[in-house]
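S.K.: Structure file my_file.pdb (PDB, C-alpha atoms, pLDDT in the B column) is given on the next line.
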```
ATOM      1  CA  MET A   1     -29.203 -17.501 -39.973  1.00 92.00           C
ATOM      2  CA  PHE A   2     -28.198 -15.950 -36.670  1.00 96.00           C
ATOM      3  CA  SER A   3     -25.861 -17.587 -34.188  1.00 95.00           C
ATOM      4  CA  VAL A   4     -24.244 -16.988 -30.850  1.00 97.00           C
ATOM      5  CA  ARG A   5     -21.493 -18.745 -28.892  1.00 97.00           C
ATOM      6  CA  ILE A   6     -21.502 -18.473 -25.114  1.00 97.00           C
ATOM      7  CA  LYS A   7     -18.416 -19.467 -23.126  1.00 98.00           C
ATOM      8  CA  PHE A   8     -18.616 -20.843 -19.575  1.00 97.00           C
ATOM      9  CA  PRO A   9     -15.523 -21.619 -17.479  1.00 97.00           C
ATOM     10  CA  LYS A  10     -15.571 -25.239 -16.335  1.00 96.00           C
ATOM     11  CA  SER A  11     -14.243 -24.281 -12.918  1.00 94.00           C
ATOM     12  CA  GLU A  12     -17.430 -22.316 -12.183  1.00 94.00           C
ATOM     13  CA  PHE A  13     -20.129 -23.955 -14.309  1.00 94.00           C
ATOM     14  CA  LYS A  14     -19.386 -27.684 -14.568  1.00 95.00           C
ATOM     15  CA  GLY A  15     -22.341 -28.710 -12.391  1.00 94.00           C
ATOM     16  CA  HIS A  16     -24.657 -26.215 -14.054  1.00 95.00           C
ATOM     17  CA  ILE A  17     -23.833 -27.313 -17.593  1.00 94.00           C
ATOM     18  CA  ASN A  18     -23.966 -31.017 -16.730  1.00 93.00           C
ATOM     19  CA  SER A  19     -27.427 -30.453 -15.250  1.00 93.00           C
ATOM     20  CA  ILE A  20     -28.864 -28.850 -18.379  1.00 93.00           C
ATOM     21  CA  THR A  21     -27.004 -30.846 -21.064  1.00 91.00           C
ATOM     22  CA  PRO A  22     -29.994 -33.114 -21.852  1.00 88.00           C
ATOM     23  CA  ASP A  23     -32.099 -30.009 -22.561  1.00 83.00           C
ATOM     24  CA  LEU A  24     -29.380 -28.483 -24.731  1.00 80.00           C
ATOM     25  CA  LYS A  25     -29.258 -31.509 -27.022  1.00 78.00           C
ATOM     26  CA  GLU A  26     -32.906 -31.138 -28.092  1.00 74.00           C
ATOM     27  CA  ASP A  27     -33.961 -28.733 -30.816  1.00 71.00           C
ATOM     28  CA  VAL A  28     -36.818 -26.570 -29.611  1.00 72.00           C
ATOM     29  CA  GLY A  29     -38.877 -24.472 -31.973  1.00 80.00           C
ATOM     30  CA  ARG A  30     -36.889 -22.925 -34.792  1.00 88.00           C
ATOM     31  CA  SER A  31     -33.500 -22.869 -33.077  1.00 92.00           C
ATOM     32  CA  SER A  32     -30.851 -25.499 -32.519  1.00 92.00           C
ATOM     33  CA  THR A  33     -28.369 -25.712 -29.683  1.00 93.00           C
ATOM     34  CA  ARG A  34     -25.171 -27.668 -29.255  1.00 92.00           C
ATOM     35  CA  ILE A  35     -22.502 -27.859 -26.614  1.00 94.00           C
ATOM     36  CA  GLU A  36     -18.762 -28.339 -26.987  1.00 95.00           C
ATOM     37  CA  GLU A  37     -15.953 -28.269 -24.487  1.00 95.00           C
ATOM     38  CA  ASP A  38     -12.213 -28.036 -24.206  1.00 96.00           C
ATOM     39  CA  ALA A  39      -9.951 -28.462 -21.197  1.00 96.00           C
ATOM     40  CA  ASP A  40     -11.032 -25.203 -19.545  1.00 97.00           C
ATOM     41  CA  ASN A  41     -14.403 -24.141 -20.952  1.00 98.00           C
ATOM     42  CA  PHE A  42     -17.833 -25.164 -22.152  1.00 97.00           C
ATOM     43  CA  TYR A  43     -19.175 -23.522 -25.311  1.00 97.00           C
ATOM     44  CA  ILE A  44     -22.869 -23.365 -26.040  1.00 96.00           C
ATOM     45  CA  TYR A  45     -23.782 -22.584 -29.638  1.00 95.00           C
ATOM     46  CA  ILE A  46     -27.270 -21.427 -30.548  1.00 94.00           C
ATOM     47  CA  GLU A  47     -28.392 -21.061 -34.168  1.00 95.00           C
ATOM     48  CA  ALA A  48     -31.712 -19.605 -35.225  1.00 95.00           C
ATOM     49  CA  PRO A  49     -33.245 -18.325 -38.445  1.00 96.00           C
ATOM     50  CA  ASP A  50     -34.280 -15.008 -36.886  1.00 95.00           C
ATOM     51  CA  THR A  51     -33.554 -12.772 -33.916  1.00 95.00           C
ATOM     52  CA  VAL A  52     -36.863 -13.559 -32.214  1.00 95.00           C
ATOM     53  CA  SER A  53     -36.106 -17.273 -31.907  1.00 93.00           C
ATOM     54  CA  LEU A  54     -32.465 -16.544 -31.015  1.00 94.00           C
ATOM     55  CA  ARG A  55     -33.581 -14.271 -28.175  1.00 95.00           C
ATOM     56  CA  ALA A  56     -36.084 -16.871 -26.972  1.00 93.00           C
ATOM     57  CA  SER A  57     -33.380 -19.553 -26.876  1.00 92.00           C
ATOM     58  CA  ILE A  58     -30.992 -17.312 -24.968  1.00 94.00           C
ATOM     59  CA  GLY A  59     -33.800 -16.526 -22.525  1.00 94.00           C
ATOM     60  CA  SER A  60     -34.511 -20.228 -22.013  1.00 92.00           C
ATOM     61  CA  LEU A  61     -30.838 -20.946 -21.393  1.00 93.00           C
ATOM     62  CA  THR A  62     -30.687 -18.124 -18.866  1.00 94.00           C
ATOM     63  CA  ARG A  63     -33.762 -19.426 -17.035  1.00 95.00           C
ATOM     64  CA  TRP A  64     -32.388 -22.986 -16.912  1.00 93.00           C
ATOM     65  CA  LEU A  65     -29.094 -21.768 -15.452  1.00 94.00           C
ATOM     66  CA  THR A  66     -30.894 -19.571 -12.921  1.00 95.00           C
ATOM     67  CA  ILE A  67     -33.031 -22.493 -11.766  1.00 95.00           C
ATOM     68  CA  VAL A  68     -30.009 -24.791 -11.444  1.00 95.00           C
ATOM     69  CA  ASP A  69     -28.155 -22.094  -9.502  1.00 93.00           C
ATOM     70  CA  LYS A  70     -31.059 -21.717  -7.059  1.00 95.00           C
ATOM     71  CA  ILE A  71     -31.267 -25.492  -6.591  1.00 94.00           C
ATOM     72  CA  PHE A  72     -27.523 -25.673  -5.886  1.00 91.00           C
ATOM     73  CA  GLU A  73     -27.868 -22.885  -3.299  1.00 90.00           C
ATOM     74  CA  GLU A  74     -30.670 -24.761  -1.515  1.00 90.00           C
ATOM     75  CA  VAL A  75     -28.725 -28.027  -1.458  1.00 86.00           C
ATOM     76  CA  GLU A  76     -25.632 -26.427   0.084  1.00 71.00           C
TER      77      GLU A  76
END
```
Could you rewrite the structure in this file as structure tokens?
M.R.:
Amino acid sequence: MFSVRIKFPKSEFKGHINSITPDLKEDVGRSSTRIEEDADNFYIYIEAPDTVSLRASIGSLTRWLTIVDKIFEEVE
């Protein structure tokens, strides 16, 4: 099993993470994703049985955050 933990500061990413939280709670394919938080940060954990599915999940997360960022820029 392969896993990764990605840390996002709440001060910069609160809106981004709140926007994608419903997608993070669903298992897609062979990987699973969960989100935790403390007072200052969000932590996204991705677990996958192989590097291919881990890379795909990281790529999906990156695309979701990029899309949310572009939407936020347009709204401002």
S.K.: If you count all atoms listed in the file, which residues fall within 12 Å of Lys7 of chain A, apart from same-chain ones fewer than 4 positions away, as a PyMOL selection string?
M.R.: chain A and resi 12-14+17+35-38+40-46
S.K.: Which residue out of A:Gly59, A:Gly15, A:Pro49, A:Pro22 has the minimum interatomic distance to Ile71 of chain A when all atoms listed in the file are used?
M.R.: A:Gly15
S.K.: Care to translate the PyMOL selection byres ((chain A and resi 24) around 9) into actual residues of this file, as a PyMOL selection string?
M.R.: chain A and resi 20-23+25-27+32-35+44+61
S.K.: Record the distance separating atom CA of Thr51 of chain A and atom CA of Phe2 of chain A, expressed in Å with one decimal.
M.R.: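 One can read the atom CA of Thr51 of chain A to atom CA of Phe2 of chain A distance as 6.8 Å.
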S.K.: Just say which residues the PyMOL selection byres ((chain A and resi 52) around 12) picks in this file, as a PyMOL selection string.
M.R.: chain A and resi 1-3+29-31+47-51+53-59
S.K.: Could you state the separation of atom CA of Val68 of chain A and atom CA of Phe8 of chain A in Å, given to one decimal place?
M.R.: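 For atom CA of Val68 of chain A relative to atom CA of Phe8 of chain A, the distance reads 14.5 Å.
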S.K.: Please measure the separation of atom CA of Ser11 of chain A and atom CA of Val28 of chain A, giving the value in Å to one decimal.
M.R.: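 Atom-to-atom, atom CA of Ser11 of chain A and atom CA of Val28 of chain A are spaced 28.2 Å apart.
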S.K.: Return the single residue from A:Lys70, A:Trp64, A:Glu76, A:Val4 that is closest to Asn18 of chain A, with distances computed using all atoms listed in the file.
M.R.: A:Trp64
S.K.: Report, as AutoDock Vina command-line options, the axis-aligned box around all atoms of segment 19-23 of chain A present in the file, extended by 8 Å on each side; give centre and edge lengths in Å to one decimal place.
M.R.:
```
--center_x -29.6 --center_y -31.0 --center_z -18.9 --size_x 21.1 --size_y 20.3 --size_z 23.3
```
S.K.: Identify which of the residues A:Asp69, A:Val75, A:Arg63, A:Ala39 lies closest to Lys10 of chain A, counting only C-alpha atoms when measuring atom-to-atom distances.
M.R.: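 Comparing A:Asp69, A:Val75, A:Arg63, A:Ala39 against Lys10 of chain A, the winner is A:Ala39.
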